[in-house]
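Peer 1: Below is the structure I would like to discuss, written out as C-alpha cells.
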Number of protein chains: 6
Amino acid sequence: MTAVDLLTFGESLVSLRSAGPLALGGALTMHLAGAESNVAIGLARLGHRAAWVGRVSDDELGEYVLRQLRAEGVRVDGVTTDPARPAGLMFLERRTADVTRVRYHRTGSAGSALSVEDVRTPIAEGARVLHLTGITPALSGSARDAATWAAEAASRSGTLVCLDVNYRARLWTREAARATLTPLTAYASLVIASADELDLVDEPGADESTVVARLLTRGVRTVLVKLGADGARAHTRQGVRHVAAVPVTAVDTVGAGDAFSAGYLSGHLDGLDLDGRLRRAVTVGAFAVAGHGDWEGLPRRAELSLLDGHETGSTIR
Amino acid sequence: MTAVDLLTFGESLVSLRSAGPLALGGALTMHLAGAESNVAIGLARLGHRAAWVGRVSDDELGEYVLRQLRAEGVRVDGVTTDPARPAGLMFLERRTADVTRVRYHRTGSAGSALSVEDVRTPIAEGARVLHLTGITPALSGSARDAATWAAEAASRSGTLVCLDVNYRARLWTREAARATLTPLTAYASLVIASADELDLVDEPGADESTVVARLLTRGVRTVLVKLGADGARAHTRQGVRHVAAVPVTAVDTVGAGDAFSAGYLSGHLDGLDLDGRLRRAVTVGAFAVAGHGDWEGLPRRAELSLLDGHETGSTIR
Amino acid sequence: MTAVDLLTFGESLVSLRSAGPLALGGALTMHLAGAESNVAIGLARLGHRAAWVGRVSDDELGEYVLRQLRAEGVRVDGVTTDPARPAGLMFLERRTADVTRVRYHRTGSAGSALSVEDVRTPIAEGARVLHLTGITPALSGSARDAATWAAEAASRSGTLVCLDVNYRARLWTREAARATLTPLTAYASLVIASADELDLVDEPGADESTVVARLLTRGVRTVLVKLGADGARAHTRQGVRHVAAVPVTAVDTVGAGDAFSAGYLSGHLDGLDLDGRLRRAVTVGAFAVAGHGDWEGLPRRAELSLLDGHETGSTIR
Amino acid sequence: MTAVDLLTFGESLVSLRSAGPLALGGALTMHLAGAESNVAIGLARLGHRAAWVGRVSDDELGEYVLRQLRAEGVRVDGVTTDPARPAGLMFLERRTADVTRVRYHRTGSAGSALSVEDVRTPIAEGARVLHLTGITPALSGSARDAATWAAEAASRSGTLVCLDVNYRARLWTREAARATLTPLTAYASLVIASADELDLVDEPGADESTVVARLLTRGVRTVLVKLGADGARAHTRQGVRHVAAVPVTAVDTVGAGDAFSAGYLSGHLDGLDLDGRLRRAVTVGAFAVAGHGDWEGLPRRAELSLLDGHETGSTIR
Amino acid sequence: MTAVDLLTFGESLVSLRSAGPLALGGALTMHLAGAESNVAIGLARLGHRAAWVGRVSDDELGEYVLRQLRAEGVRVDGVTTDPARPAGLMFLERRTADVTRVRYHRTGSAGSALSVEDVRTPIAEGARVLHLTGITPALSGSARDAATWAAEAASRSGTLVCLDVNYRARLWTREAARATLTPLTAYASLVIASADELDLVDEPGADESTVVARLLTRGVRTVLVKLGADGARAHTRQGVRHVAAVPVTAVDTVGAGDAFSAGYLSGHLDGLDLDGRLRRAVTVGAFAVAGHGDWEGLPRRAELSLLDGHETGSTIR
Amino acid sequence: MTAVDLLTFGESLVSLRSAGPLALGGALTMHLAGAESNVAIGLARLGHRAAWVGRVSDDELGEYVLRQLRAEGVRVDGVTTDPARPAGLMFLERRTADVTRVRYHRTGSAGSALSVEDVRTPIAEGARVLHLTGITPALSGSARDAATWAAEAASRSGTLVCLDVNYRARLWTREAARATLTPLTAYASLVIASADELDLVDEPGADESTVVARLLTRGVRTVLVKLGADGARAHTRQGVRHVAAVPVTAVDTVGAGDAFSAGYLSGHLDGLDLDGRLRRAVTVGAFAVAGHGDWEGLPRRAELSLLDGHETGSTIR
C-alpha cells in the first residue's frame with residue numbers, strides 16, 4: 001500500500017437508530033458510527049485517499065462495518081478482525097424533537113481492544129495526516145497506548161498530527177480525559193475542540209486565550225474552536241480568524257464536528273490557505289447538519305458548491 | 001385492589017394515523033387515543049398508581065387497547081369487555097403541515113355504552129384523585145349519568161375531583177356541553193380549560209375573571225387556564241399565577257392538554273406547592289408537544305429534567 | 001352515459017389489512033374491498049365497460065373508494081355520496097399463515113343504506129350484464145329491496161342477470177339468506193356458488209344435482225359451482241362440464257371467487273363458448289390467488305396468457 | 001366527449017422519490033409528475049372537468065400514469081399509448097433539507113414524442129381553457145410543433161390560452177426557450193411566470209414593467225408574476241394588483257407554481273373577479289407548499305377554507 | 001401478591017430481527033425474546049396468572065422488556081432493575097429461507113446476573129407450577145445457583161417443577177449442560193426435551209427408553225419428548241402416548257418448543273387428562289409455527305379452536 | 001494494480017424492485033443488477049480478488065453502482081465514468097408469486113457504450129480468469145467489439161476465458177446471438193449455458209451432445225449445462241458428470257445462474273477437481289435461490305457449509 005493522504009483509527013460502531021422512543025419498540029435502522037470513520041468518509045468523498053484502522057468483530061456486524069467503509073472508498077486493508085470479541089453497538093434514540101440520547105454497548109467490544117500492534121503497520125506505511133480523537137484513548141488501556149504511540153511515531157516521521165478532543169462523558173471523566181489528552185497535544189500540529197472542551201487539554205477552567213496560548217507555545221500550529229451555529233475560530237501565531245457557519249436548515253447535528261474536521265483537513269491536503277480551509281470546514285459541516293445521519297449527507301467534491309446561493313426549498317432541475 | 005392514586009374513565013379509541021392525505025390510501029399506524037387514558041398513562045409513567053375504567057370491544061381491537069394500557073402500567077382490572085359493541089375508532093389525518101383532521105367512528109361503540117354500573121366498583125375502591133373530562137358525558141346518556149354519579153360519589157368520599165372541560169365540537173354543541181358541564185363543577189376541586197372553553201362552565205361569552213370568580217365561589221379550589229405556547233394561568237382564592245411554557249420544537253400538539261393535566265396532578269400527588277405543580281404541568285406538556293403521538297413521548301420520572309438546559313439539537317452521550 | 005357492458009352494485013368497504021396479529025398493533029394498509037367492485041375491476045382490466053353503483057361516505061374515506069375505482073377505469077357516475085353516514089370498514093387480519101380473520105365495522109354505514117333510488121337510473125341506462133351478489137341484500141332492508149327491484153327490472157329489459165351467492169356468515173344466518181336469495185334466482189340467467197352455498201338457493205341440505213335441476217327448471221341457464229383448487233363445474237341443460245384450476249403458487253385466496261366470476265362474464269361478453277368462458281374464469285381466478293390483495297393482481301387483457309407455460313420462478317426478460 | 005373546462009397536454013413522468021441521498025440506495029416511492037397534469041389534477045379536485053393529453057408507454061409504467069390521472073378524475077380519453085417508446089422517468093432526491101435535485105431519464109420517451117396528431121382531436125372537441133407550459137415545447141421538435149399548433153388553433157376558436165413559462169434549465173437554454181416561447185405569447189390571453197422567467201418571453205434582461213407592457217400591447221390580457229413566499233402580482237391594462245401568500249409551514253415547494261395556476265384558472269372558470277382569482281391561486285398554492293408531493297395535497301372544493309384561521313398545529317375534531 | 005399459577009424466571013433479551021442478510025444493513029425490528037417469558041406469555045394469553053422474574057437493565061431497553069411483558073398480562077412485580085448492567089441483546093438473521101442465525105450480545109448483561117436473591121420472594125409467594133429451562137443455569141454461576149435453589153425450594157413446598165432442557169450450544173458445552181441439568185431433574189415432576197437433548201439429563205448417548213426409565217425411577221412423573229413436525233411423545237409410568245402435530249403452514253419455528261410447553265402446562269392447570277394436555281400442547285405449538293415471531297402468534301383462550309378444520313387459505317367472515 | 005483472480009466486464013444496472021404490481025405504484029427498492037457483477041461479487045465474497053469493468057453514469061446512480069461494488073470488495077479501479085450518458089435501469093416486478101417481469105431502460109445508457117478502450121488496460125494488467133457473458137455483446141456494436149477483442153487478447157495471454165451464454169430475448173434475437181457468440185467460443189476454455197441456450201453456440205436446434213462434441217473439438221475444455229432444480233452436467237473430454245442441486249426452499253431464482261458460475265470459478269481458482277468445482281457451483285447457486293435478491297444472499301467462505309445438514313426451519317444458536 002502506498003502512503004495515504006489521511007490515516008485515522010478508533011472504534012466504529014454499529015449504530016441502531018430509533019425514530020421514536022426506544023421503549024416503545026418498532027423499527028431500528030443500522031448505521032455506521034464513529035468519529036474517526038466519519039472523518040475518513042468525509043475525506044474519501046472529497047477524493048482524498050483515506051484509510052481507517054481498527055478492530056471489527058468476526059461476524060456479520062463486523063462485515064457490515066467493513067462494507068460501509070469500503071462502499072465509501074475508505075481503505076480498510078489495515079483493519080484487524082477480532083475472532084473473539086463482539087461488535088460495539090450504540091442505540092441512538094430521537095427522544096424528542098430536540099433531544100437525542102445515545103446508549104453504548106461497547107464494553108469488551110472488538111473495537112475497544114485496539115492496541116499498538118494494530119496500528120504499527122499503517123503508521124509505518126505513512127500518511128500525510130494522522131487524525132486522532134479523544135474517544136480512542138478512552139476505550140481501553142491498550143487503545144490509549146495505541147493512540148499515544150501512533151501520535152509520537154507519526155509526529156517523528158513528519159506526518160501532521162491532528163487531535164480532535166471529542167469528549168464523551170459516558171466513557172470517562174473530564175479529569176481522566178485531561179490527564180490523557182494534554183500530553184498528546186505535544187505531538188499535534190492541529191488541535192480541534194468545541195469551546196467547552198478546551199480546558200481538557202489544559203488546567204480545569206482555563207479560558208480560551210490561555211489554553212490557546214499554551215498550545216501554540218508547546219508547538220501546536222493551529223487551534224480550531226468549533227462554535228456550532230456560530231461557526232468557528234482559528235488561532236495561529238498570526239492571530240485569530242473567525243468563520244461564520246453556512247446557513248442551512250438543521251435536521252441532524254450528529255457528526256457535524258467530524259464533518260468540520262474533514263473539511264478543514266481536505267483544505268489542508270489541497271494546499272488551501274487558512275481562510276480556504278475554514279470555508280471548506282464550515283461547508284462540509286453544513287452538509288452534515290442539513291442531512292440525516294452522521295456522515296450520509298457529506299458532499300462529494302462536485303457538490304461542494306451545492307449550498308451556495310440556494311435558499312430553503314430550492315429544486316435543481 | 002387497593003386504592004389507586006388516580007382513577008379516570010371514558011372512552012379509549014383505536015386511532016388510525018395517516019402520514020398524508022387519507023384519500024390517497026397507503027399505510028396507517030395504530031395508536032391508543034383517549035384524553036382520559038392519556039392522563040392515566042402520564043401518571044403511570046411518573047410512578048403513580050393510575051387506573052383507567054371503560055368498556056372495550058370483545059375482539060382484537062379491544063385487546064389492543066388493553067395491551068397498550070397494560071404496557072404502560074395503567075391498571076385495567078375495572079375495564080368491562082362489551083360482548084356486543086365494536087371498538088370506537090378515529091382516523092387522524094395530517095392534512096397539511098399545519099392542519100390535522102380527525103374523523104370519529106364511535107357511534108354505538110363499546111366505549112360509548114359506559115354506564116354507572118361500569119364505574120361503581122372502581123369508585124367504591126377509592127382513589128386520591130378522580131379525573132373527569134368533558135368528553136365522557138358527550139358520549140351517550142348513560143356515560144353522562146356515569147360521569148355525574150361518579151363525580152358526586154367521589155366528591156362525597158373525599159376524593160379530589162378534577163374536571164378538564166375538553167370540548168369536542170364533533171360530539172356536541174357548546175350549548176349541550178354547557179348544560180352538562182356547569183353542574184358538574186359543583187363536585188370539582190380542580191377545573192382545567194383552555195381560554196376559549198372557559199365559558200362552557202358558565203354563561204355564554206363570560207370572560208375569564210367572571211368564570212373564575214364564580215367557580216371559586218362555588219367551591220372549586222383551583223382553576224387552570226391552558227394557554228398553549230403561552231403557558232398557563234392558575235387561579236386560586238390567593239390570586240393568579242402564570243407559568244411560561246417550556247420552550248421546545250413542537251412536532252405534534254395532540255395530547256398536550258392531557259399531558260399538562262397529568263403533570264399538574266402528579267405534582268399534587270407528590271405534595272408539591274402550586275408553583276411546583278405548574279412547573280411539572282408545563283414540563284410534561286412540553287414532552288407531549290416535542291414528540292410524536294398523543295402520549296408516546298411522555299416522560300418517566302427520571303426524565304423530568306431531560307429538557308432542562310438542552311437547546312435544539314442536543315445529543316446526550 | 002351510454003349503456004355499459006357490466007353493471008353491479010353493493011357496498012365497497014375500506015379494508016384495513018394487518019400483516020400480523022391485530023392486537024399487537026403496527027401498520028395497517030388501506031385497500032378497497034367489495035365483491036361487486038372486485039368483479040367490476042376484473043372486467044374493466046380486461047377492457048370491458050364496467051360500472052359500479054353504491055353509496056359512499058362524504059369524506060376522505062368515501063373519496064378513497066372512488067379514487068380506487070376510477071383508477072381502475074370503473075365508471076362511478078352513478079355513485080351516491082351520503083352526507084350523513086360513515087364509510088364501511090373492515091379489518092383483515094392475517095392471524096396465521098393459514099387463517100385470515102375479518103371484522104366488519106359496517107353497521108349504519110353509507111354503503112348499507114343503498115336503496116332502490118340509488119339504482120334506478122343506472123338500471124334505466126342499461127347494461128349487457130347485471131351482476132348481483134348475495135352480500136348486498138344482507139346489508140339492510142333497503143338494500144334487499146334494491147337488489148330485488150334491480151334483478152326484476154334488468155331481467156325484464158333483457159339484461160343478463162348473474163347472481164353470485166357469496167354467503168357471509170357475519171351478516172346473516174343461512175336461513176335468512178335462503179329466504180331472500182331463492183326468490184332472486186327467478187330473475188337470474190346465471191347462478192354462481194361454492195359447493196357449500198348451493199343449498200342457500202334451495203331447501204336446506206339439498207344436494208348439488210337437486211339444486212341444479214331445480215334452478216335449470218326455473219329458468220336459470222347456467223349454474224357455476226366453484227371448487228377452489230379443484231376448479232369449477234358448469235351445469236347447463238346440455239349437461240355438466242368441469243374445468244381444472246390453473247396451477248399457481250397461492251398467496252392470497254381472498255377475491256378468487258370474484259375473479260372467477262369476472263373471468264366468466266368477460267368470456268360471455270366476448271362471445272366465447274362455455275369452455276372458453278370457463279377457461280377465462282379459472283385463469284382470472286388464478287391471478288387472484290397468485291397475487292396479494294383482493295383484486296390488485298387481476299390481469300389486463302394482454303396478460304391473460306402470462307401464466308401459460310410458466311413454472312414457478314419464471315423471469316421474463 | 002363533450003367540451004371540457006380545461007384541456008392541457010405535455011409529458012407526465014414517473015417520478016421516483018428518494019428520502020435521502022440517492023447514492024446510498026434504499027427505498028424510492030413512485031409518484032406522478034408533470035406540470036400540466038398537476039394543473040389538470042388541481043382543477044379536477046375543485047370540481048372542474050379537466051382533460052390531459054399526452055403519450056404514455058405501453059407497459060405498467062404507462063398504466064401507472066393513467067391510473068393516477070383517472071383516480072384524480074382527470075379525463076384521459078385522448079391519451080395515446082405509444083407501442084415503442086419507454087416511460088419518461090425522473091429521480092427526485094432530497095439532497096439536504098434545503099436542496100432537492102432532479103435527474104431526468106426522458107430522452108426518447110413516449111411522452112417526448114408528442115405531436116400535432118396527438119392533440120388534434122382534443123382541440124377539436126373544445127375546451128374553455130387551454131393550459132400550455134414552456135416545458136412541452138422543450139421536449140422535442142414534434143412537441144414544439146404540437147404546442148404551437150394547439151395554441152393557434154385554440155386561440156382561433158375562442159378558447160382562452162394560458163401559457164406558464166416554466167423554464168427547465170436541464171431541457172434547453174434560455175436562448176432556445178426565448179426563441180420558442182416569445183412567439184407563443186401571441187396566442188395567449190394569460191401568461192404566468194416567476195420573476196426570473198419574465199425575460200424569456202421578451203429581450204434578455206428586460207425588466208418586469210417592460211415585459212408586461214409589451215405583452216399587454218401584444219394582446220395578452222393578464223400577466224401573473226409568481227413571487228413565492230411573497231405572493232404574486234397580476235398585471236392587466238387596469239394596472240397591477242399584489243396578493244400576499246397564505247402563510248403555511250412549507251414542507252415541499254415542488255408543484256407550488258402549478259397549484260397557483262390551477263387556482264387562478266379555477267377562479268376564472270367560476271367567474272370570479274381578479275381579486276377572487278388571485279386569492280384562490282395563492283390558496284391552492286399554499287396547499288401545495290404545506291403538503292408533501294407535487295399535487296397530492298391539493299384541495300378539494302370543500303377544503304378551500306381549511307387553511308383559514310388555522311394557526312400551526314391545529315386539530316379539527 | 002397472591003400465589004400465581006405459573007412462575008418462571010430467566011433472561012429475557014431484546015431481539016433485533018433482520019429480514020435479510022445482516023451484513024447488508026437496513027431495518028431491524030425489536031422483539032422480546034426468552035424461552036421463559038415465551039412460556040409465561042403463552043399461559044397469560046390463555047387466562048392463567050403467570051409471573052416472570054429476572055433482571056432488566058435500568059434504561060429504555062429494560063423498560064421495553066417490561067412493557068412487552070405487561071402488555072401481555074404477565075406479572076412483573078418481582079423483576080429487579082439492574083442499575084449497572086446493560087440489556088442482553090440478540091441478533092436474529094434470516095440468512096436464507098431455511099436457515100436462521102442467532103448472535104448473542106448477553107455477556108455481562110443484567111439478565112445474566114440473576115441470583116438467588118432475585119427469586120427468593122417470588123418463590124416464597126408461591127405458585128402452582130415453577131417452569132425452569134436449561135438456559136438459565138447456563139447464564140452465569142449465580143443464575144445456576146438461583147435455578148438450583150428455586151427448584152429445590154419449590155419442590156419442597158409442593159409446587160410442580162417443570163424442566164425444559166432447551167440446550168443452547170452457544171452458551172455452554174453438552175458436558176457442562178449435562179453436569180448441571182442432570183441433578184436438577186431430581187426436583188422435577190415434568191421434564192421436556194427434544195429427542196437429541198434427552199441424553200443431557202443422563203449419560204452421553206443414552207437412548208430415549210433408557211433416559212426415560214431412569215427419570216421415571218428418580219421421581220419424574222412425565223417426560224415429554226418434542227418431535228417437531230412429528231408431534232410429541234409423553235412417557236409416564238403408565239406407558240407412552242404419541243400425539244401428532246396439528247398440520248399448519250410453518251412460517252417461523254422459533255418459539256415452537258416454548259409454546260408446546262405453555263400448552264401442556266395450561267392443560268395441567270386446567271386439570272385436563274394427559275391426552276387433553278398433549279392436544280393443547282400441540283395446538284399452542286402449531287400457532288407458534290404458523291405465525292411470525294417467537295410468541296406473537298400464540299392463541300388466546302377463545303382462539304384455541306381456530307385452527308380446527310381450517311385448511312390453508314381460510315378466511316373467517 | 002496487480003493481476004486479479006477474476007476480471008469481468010459488462011453493464012451493471014440499477015434495478016428497481018417492486019413488491020407487487022408495478023402499475024399500482026408504491027415503494028421500489030434499489031438494487032445492483034448485472035450478470036457480470038453478480039459473478040464478481042460471488043468471487044469476492046469467497047475471498048478471491050475480483051475486478052469489474054464497465055461504464056457508469058456520472059451522477060448519483062453511477063455512484064450507487066460503484067458503492068455497491070466497493071462494499072462487496074470488488075475492484076472498480078478500471079471503471080469509466082461516462083460524462084454524457086445516463087445510468088441503465090431495470091424494473092423488476094413480482095407480477096405473481098410465480099412470474100417476475102423485467103423492463104429495461106438501458107438504451108443509450110452509459111453501460112451500453114462500453115468499448116475496447118474501456119477494457120484495454122484491465123486486460124493488460126492481467127487476470128487468472130476472464131468471465132464473459134452473452135449479454136455484453138448484445139448491448140451495442142462497441143460492446144460487442146470489446147467482448148471479442150478481450151476474449152482474444154486474454155486467450156492469447158494465457159488467461160482462462162469463461163463464456164456464459166446468458167441469452168436475453170429482450171436484447172436480441174436468437175439468430176443475432178448465435179452469429180456473435182459462436183465465434184467467441186473459439187477463445188473460451190469454459191462454456192456455460194442452460195439446456196435451451198446450448199444451440200446458441202452451434203446450429204439452430206442442435207442437441208446437447210452435438211453442441212458439446214463440437215465445442216470440445218474446437219478447444220473448449222469444459223462445457224457446463226445448468227439444469228435448474230435438477231443440478232448441472234459438466235462435459236469434458238473425459239466424459240460427462242452430473243451434480244444434483246442442493247435442496248433449499250427457493251424464494252428468488254434470479255441470479256442463480258451467475259451464482260453457479262461464481263461457485264465453479266471459485267473452485268477452479270482454488271485448484272479443486274471437477275467434482276469439487278461442481279459441488280461449489282451448486283452450493284453457491286443454492287444460496288442465490290434460497291435468499292432474496294440477485295446476489296445479496298451469496299455466501300462468504302466461512303458460510304459455504306451453512307446449508308449442509310440443515311433442514312427447513314433450522315435456527316443456529
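Residues in the C-alpha cells are named by chain (A, B, ... in the order shown) and by number from 1 within that chain; ligands are numbered from 1 in the order shown.
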Near segment 151-160 of chain D, counting only C-alpha atoms, which residues have an atom at most 7 Å away, once you skip same-chain residues fewer than 3 positions from it, shown as a ChimeraX atom specification?
Peer 2: /D:123,127-130,147-148,187,189
Peer 1: Export C-alpha atoms of the chosen residues as an mmCIF file, in the first residue's frame?
Peer 2:
```cif
data_model
loop_
_atom_site.group_PDB
_atom_site.id
_atom_site.type_symbol
_atom_site.label_atom_id
_atom_site.label_comp_id
_atom_site.auth_asym_id
_atom_site.auth_seq_id
_atom_site.Cartn_x
_atom_site.Cartn_y
_atom_site.Cartn_z
ATOM 1 C CA ILE D 123 -58.514 20.597 -29.538
ATOM 2 C CA ALA D 127 -62.362 23.443 -24.033
ATOM 3 C CA ARG D 128 -62.957 26.661 -22.158
ATOM 4 C CA VAL D 129 -59.259 26.948 -21.297
ATOM 5 C CA LEU D 130 -56.136 25.522 -22.916
ATOM 6 C CA ALA D 147 -47.748 23.299 -28.717
ATOM 7 C CA THR D 148 -47.655 25.981 -31.390
ATOM 8 C CA TYR D 187 -51.936 33.317 -28.840
ATOM 9 C CA SER D 189 -54.603 35.638 -23.048
#
```
Peer 1: Provide as a VMD selection string the residues of chain D at most 9 Å from chain A, counting only C-alpha atoms.
Peer 2: chain D and resid 20 to 21 24 94 to 104 168 to 171 250 to 254
Peer 1: What parts of segment 121-277 of chain E does DSSP call strand (DSSP E or B)? I'd like the answer as a VMD selection string.
Peer 2: chain E and resid 127 to 133 160 to 164 190 to 194 222 to 226 232 to 236 239 to 243
Peer 1: I'd like the neighbourhood of segment 267-282 of chain F as a VMD selection string, where a residue qualifies if any of its atoms comes within 10 Å (using only C-alpha atoms), though same-chain residues fewer than 2 positions away should be ignored.
Peer 2: chain F and resid 5 to 6 43 48 128 to 129 222 224 226 228 to 229 231 to 234 236 241 to 247 256 to 265 284 to 288 304 to 305
Peer 1: Next, the residues of the selection above should be written as a tab-separated table (two decimals), in the first residue's frame with N, CA and C atoms.
Peer 2:
```tsv
chain	number	residue	atom	x	y	z
F	5	ASP	N	-7.64	-12.20	-9.66
F	5	ASP	CA	-8.04	-13.58	-9.92
F	5	ASP	C	-9.08	-13.64	-11.03
F	6	LEU	N	-10.04	-12.73	-10.94
F	6	LEU	CA	-11.10	-12.73	-11.93
F	6	LEU	C	-11.31	-11.32	-12.46
F	43	LEU	N	-17.39	-14.10	-6.32
F	43	LEU	CA	-16.00	-14.48	-6.10
F	43	LEU	C	-15.38	-13.65	-4.98
F	48	HIS	N	-11.73	-14.19	-3.24
F	48	HIS	CA	-10.89	-14.02	-4.42
F	48	HIS	C	-10.79	-12.54	-4.79
F	128	ARG	N	-6.35	-14.16	-13.80
F	128	ARG	CA	-6.30	-15.62	-13.98
F	128	ARG	C	-7.48	-16.09	-14.81
F	129	VAL	N	-8.63	-15.44	-14.61
F	129	VAL	CA	-9.83	-15.82	-15.34
F	129	VAL	C	-10.48	-14.56	-15.91
F	222	THR	N	-14.23	-27.42	-21.02
F	222	THR	CA	-15.35	-27.84	-20.17
F	222	THR	C	-16.62	-27.13	-20.64
F	224	LEU	N	-20.44	-26.56	-19.26
F	224	LEU	CA	-21.35	-26.74	-18.12
F	224	LEU	C	-22.77	-26.48	-18.59
F	226	LYS	N	-26.44	-25.93	-17.22
F	226	LYS	CA	-27.22	-25.66	-16.00
F	226	LYS	C	-28.63	-26.22	-16.14
F	228	GLY	N	-31.08	-26.04	-13.54
F	228	GLY	CA	-32.01	-25.51	-12.53
F	228	GLY	C	-32.11	-26.43	-11.33
F	229	ALA	N	-33.33	-26.78	-10.96
F	229	ALA	CA	-33.54	-27.63	-9.79
F	229	ALA	C	-32.98	-29.03	-9.98
F	231	GLY	N	-29.91	-29.56	-11.02
F	231	GLY	CA	-28.46	-29.51	-10.88
F	231	GLY	C	-27.77	-29.10	-12.15
F	232	ALA	N	-26.73	-29.82	-12.54
F	232	ALA	CA	-25.94	-29.42	-13.71
F	232	ALA	C	-25.18	-30.62	-14.25
F	233	ARG	N	-24.78	-30.50	-15.51
F	233	ARG	CA	-23.92	-31.52	-16.14
F	233	ARG	C	-22.66	-30.83	-16.59
F	234	ALA	N	-21.52	-31.52	-16.41
F	234	ALA	CA	-20.24	-30.99	-16.91
F	234	ALA	C	-19.70	-31.96	-17.94
F	236	THR	N	-16.53	-32.88	-20.36
F	236	THR	CA	-15.12	-32.66	-20.70
F	236	THR	C	-14.73	-33.78	-21.65
F	241	ARG	N	-20.26	-35.52	-16.24
F	241	ARG	CA	-20.58	-35.73	-14.83
F	241	ARG	C	-21.82	-34.90	-14.49
F	242	HIS	N	-22.65	-35.47	-13.63
F	242	HIS	CA	-23.86	-34.75	-13.21
F	242	HIS	C	-23.74	-34.42	-11.74
F	243	VAL	N	-24.21	-33.26	-11.37
F	243	VAL	CA	-24.25	-32.91	-9.94
F	243	VAL	C	-25.67	-32.47	-9.62
F	244	ALA	N	-26.18	-32.97	-8.51
F	244	ALA	CA	-27.55	-32.60	-8.11
F	244	ALA	C	-27.54	-31.21	-7.48
F	245	ALA	N	-28.66	-30.56	-7.53
F	245	ALA	CA	-28.79	-29.27	-6.85
F	245	ALA	C	-28.83	-29.50	-5.34
F	246	VAL	N	-28.40	-28.51	-4.59
F	246	VAL	CA	-28.52	-28.56	-3.12
F	246	VAL	C	-29.97	-28.20	-2.80
F	247	PRO	N	-30.67	-29.06	-2.08
F	247	PRO	CA	-32.10	-28.77	-1.84
F	247	PRO	C	-32.30	-27.62	-0.85
F	256	ALA	N	-29.38	-17.04	-9.95
F	256	ALA	CA	-28.90	-18.37	-9.60
F	256	ALA	C	-27.83	-18.86	-10.57
F	257	GLY	N	-28.02	-18.57	-11.85
F	257	GLY	CA	-27.03	-18.99	-12.83
F	257	GLY	C	-25.69	-18.31	-12.61
F	258	ASP	N	-25.72	-17.04	-12.29
F	258	ASP	CA	-24.48	-16.31	-12.04
F	258	ASP	C	-23.78	-16.86	-10.79
F	259	ALA	N	-24.58	-17.21	-9.80
F	259	ALA	CA	-24.01	-17.79	-8.58
F	259	ALA	C	-23.35	-19.12	-8.89
F	260	PHE	N	-23.99	-19.91	-9.73
F	260	PHE	CA	-23.42	-21.19	-10.15
F	260	PHE	C	-22.06	-20.97	-10.81
F	261	SER	N	-22.01	-20.00	-11.73
F	261	SER	CA	-20.74	-19.71	-12.41
F	261	SER	C	-19.68	-19.27	-11.41
F	262	ALA	N	-20.09	-18.41	-10.48
F	262	ALA	CA	-19.13	-17.91	-9.49
F	262	ALA	C	-18.59	-19.06	-8.66
F	263	GLY	N	-19.46	-19.98	-8.27
F	263	GLY	CA	-19.01	-21.12	-7.47
F	263	GLY	C	-18.04	-21.99	-8.26
F	264	TYR	N	-18.36	-22.22	-9.51
F	264	TYR	CA	-17.47	-23.07	-10.31
F	264	TYR	C	-16.10	-22.42	-10.45
F	265	LEU	N	-16.10	-21.12	-10.77
F	265	LEU	CA	-14.83	-20.42	-10.96
F	265	LEU	C	-14.03	-20.33	-9.67
F	284	VAL	N	-23.14	-22.56	-4.15
F	284	VAL	CA	-23.30	-21.11	-4.27
F	284	VAL	C	-24.62	-20.80	-4.96
F	285	GLY	N	-24.98	-21.60	-5.95
F	285	GLY	CA	-26.27	-21.43	-6.60
F	285	GLY	C	-27.42	-21.58	-5.63
F	286	ALA	N	-27.30	-22.52	-4.71
F	286	ALA	CA	-28.38	-22.74	-3.74
F	286	ALA	C	-28.57	-21.52	-2.84
F	287	PHE	N	-27.47	-20.88	-2.46
F	287	PHE	CA	-27.61	-19.66	-1.66
F	287	PHE	C	-28.38	-18.59	-2.42
F	288	ALA	N	-28.11	-18.46	-3.71
F	288	ALA	CA	-28.80	-17.45	-4.51
F	288	ALA	C	-30.30	-17.71	-4.53
F	304	LEU	N	-19.85	-21.46	3.50
F	304	LEU	CA	-20.09	-22.45	2.43
F	304	LEU	C	-20.78	-23.71	2.94
F	305	SER	N	-20.55	-24.04	4.21
F	305	SER	CA	-21.14	-25.27	4.74
F	305	SER	C	-22.46	-25.02	5.45
```
Peer 1: Show which residues sit within 7 Å of segment 173-184 of chain D, as a PyMOL selection string. Count only C-alpha atoms, and ignore same-chain residues fewer than 6 positions away.
Peer 2: chain D and resi 134+148+200-202
Peer 1: I'd like to know which residues of segment 168-233 of chain B are helix (DSSP H, G or I) (by DSSP, run on the backbone); could you write them as a PyMOL selection string?
Peer 2: chain B and resi 174-187+195-201+208-218+228-230
Peer 1: Measure the distance from atom CA of Gly42 of chain E to atom CA of Arg75 of chain B in Å and round it to one decimal.
Peer 2: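 Interatomic distance, atom CA of Gly42 of chain E to atom CA of Arg75 of chain B: 21.0 Å.
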Peer 1: Do a neighbour search on Cys162 of chain C at 7 Å with only C-alpha atoms, toss out local chain neighbours closer than 6 positions, and write the hits as a PyMOL selection string.
Peer 2: chain C and resi 130-132+188-191
Peer 1: With N, CA, C and O atoms retained, export the selected residues as a short mmCIF file (atom, residue, chain, number, x, y, z; two decimals), in the first residue's frame.
Peer 2:
```
data_model
loop_
_atom_site.label_atom_id
_atom_site.label_comp_id
_atom_site.auth_asym_id
_atom_site.auth_seq_id
_atom_site.Cartn_x
_atom_site.Cartn_y
_atom_site.Cartn_z
N LEU C 130 -76.04 -7.61 -15.56
CA LEU C 130 -76.17 -7.08 -14.20
C LEU C 130 -75.62 -8.14 -13.26
O LEU C 130 -76.09 -9.28 -13.25
N HIS C 131 -74.63 -7.75 -12.47
CA HIS C 131 -74.03 -8.71 -11.54
C HIS C 131 -74.48 -8.39 -10.12
O HIS C 131 -74.24 -7.30 -9.62
N LEU C 132 -75.14 -9.37 -9.51
CA LEU C 132 -75.61 -9.23 -8.12
C LEU C 132 -74.89 -10.23 -7.24
O LEU C 132 -74.59 -11.33 -7.68
N ALA C 188 -82.54 -14.66 -12.52
CA ALA C 188 -81.15 -14.86 -12.91
C ALA C 188 -81.01 -15.85 -14.06
O ALA C 188 -81.67 -16.88 -14.09
N SER C 189 -80.12 -15.53 -14.99
CA SER C 189 -79.75 -16.49 -16.04
C SER C 189 -78.55 -17.30 -15.60
O SER C 189 -78.31 -18.39 -16.08
N LEU C 190 -77.76 -16.72 -14.72
CA LEU C 190 -76.52 -17.34 -14.30
C LEU C 190 -76.46 -17.30 -12.77
O LEU C 190 -76.65 -16.23 -12.18
N VAL C 191 -76.24 -18.45 -12.17
CA VAL C 191 -76.08 -18.51 -10.71
C VAL C 191 -74.71 -19.10 -10.41
O VAL C 191 -74.32 -20.12 -10.99
#
```
